[in-house]
Amino acid sequence: MNYQDINAETIDRWVEEGWEWGRPIDHETFLKAKNGQWDVYLTPTKPVPHEWFGELRGKKLLGLASGGGQQMPVFAALGAECTVLDYSSRQIESEKLLSEREGYEITIIQGDMTKPLPFPDGYFDVVFHPVSNCYVEQVRPIWKECHRVLKQGGLLIAGMDLVINHLTDDEEERIVNHLPFNPLIDPEQMRQLSETDSGVQFSHSLEEQIGGQLEAGFRLTNLYEDTNGEGRLHELGIPSFIATRAVKE
């Protein structure tokens, strides 16, 4: 079993246990979105500014590792033509259930974002990519694929985990790990993840995440930071996530 399969099984289990990012929106939230009252999240606590998207009606939007029935139903309610790709069977199941319940069309693909994306060049207007690349070893190829499948002037709107969550102990009081955090080459780091049922996670530098977007041919237009939403780092106001808006040049 490769690490992506381990992560898919782990997330399936988290969803069954009530994971925050695996709980689909309710019918009332869908109706509010159809009436123009909506928010979506890339990171734990801050909603993405509406102006980052512009007009979504009629736009082709890819939810990359965005399954779970949280964001795609909102985008569908706003009139976007949605496609979602996710490797977790439970997250995919939620997307199917939501689309059937609310009566909208969506293309649903269970797939691995570390592989070439199964879409033609220049197909999408928007790629929406919540925090998830902490579960893959290499992020630069993902940015290149996002650039390839976007139209000229298309948007990449992404959330990313900063390295601090991989540095500290469970109480978020001490620095206990070195960087990069890569459990595939460090058995001690794999042990830590296994003991906390955290799947297989990796740290990624800003060079990889923002620099990788720039290298792929994107122009960064905006960003914001966010915290974990709970715990000591959050209480101290220390950001642990970043969200970016970038345009395909």
# chains A, B, ... in the order shown; residues from 1 in each chain; ligands from 1
>>> residues_around(residues="stretch 70-74 of chain A", least_positions_apart="5", cutoff="6 Å", atoms="only C-alpha atoms", output="PyMOL selection string")
chain A and resi 24-25+33+40
>>> write_last_selection(atoms="C-alpha atoms", output="mmCIF file, in the first residue's frame")
data_model
loop_
_atom_site.group_PDB
_atom_site.id
_atom_site.type_symbol
_atom_site.label_atom_id
_atom_site.label_comp_id
_atom_site.auth_asym_id
_atom_site.auth_seq_id
_atom_site.Cartn_x
_atom_site.Cartn_y
_atom_site.Cartn_z
ATOM 1 C CA PRO A 24 -21.615 17.990 4.090
ATOM 2 C CA ILE A 25 -23.590 21.225 4.174
ATOM 3 C CA ALA A 33 -26.106 30.041 -1.378
ATOM 4 C CA VAL A 40 -16.360 28.759 1.516
#
>>> closest_residue(among="A:Ala76, A:Ile210, A:Val163, A:Val131", to="A:Ile175", atoms="only C-alpha atoms")
A:Val163
>>> select_by_dssp(residues="stretch 54-221 of chain A", states="strand (DSSP E or B)", output="JSON, numbers by chain")
{"A": [60, 61, 62, 63, 64, 81, 82, 83, 84, 85, 86, 106, 107, 108, 109, 110, 124, 125, 126, 127, 128, 129, 150, 151, 152, 153, 154, 155, 156, 157, 158, 159, 160, 161, 168, 175, 218, 219, 220, 221]}
>>> closest_residue(among="A:Leu233, A:Leu117, A:Leu223, A:Ala80", to="A:Asp170", atoms="only C-alpha atoms")
A:Leu233
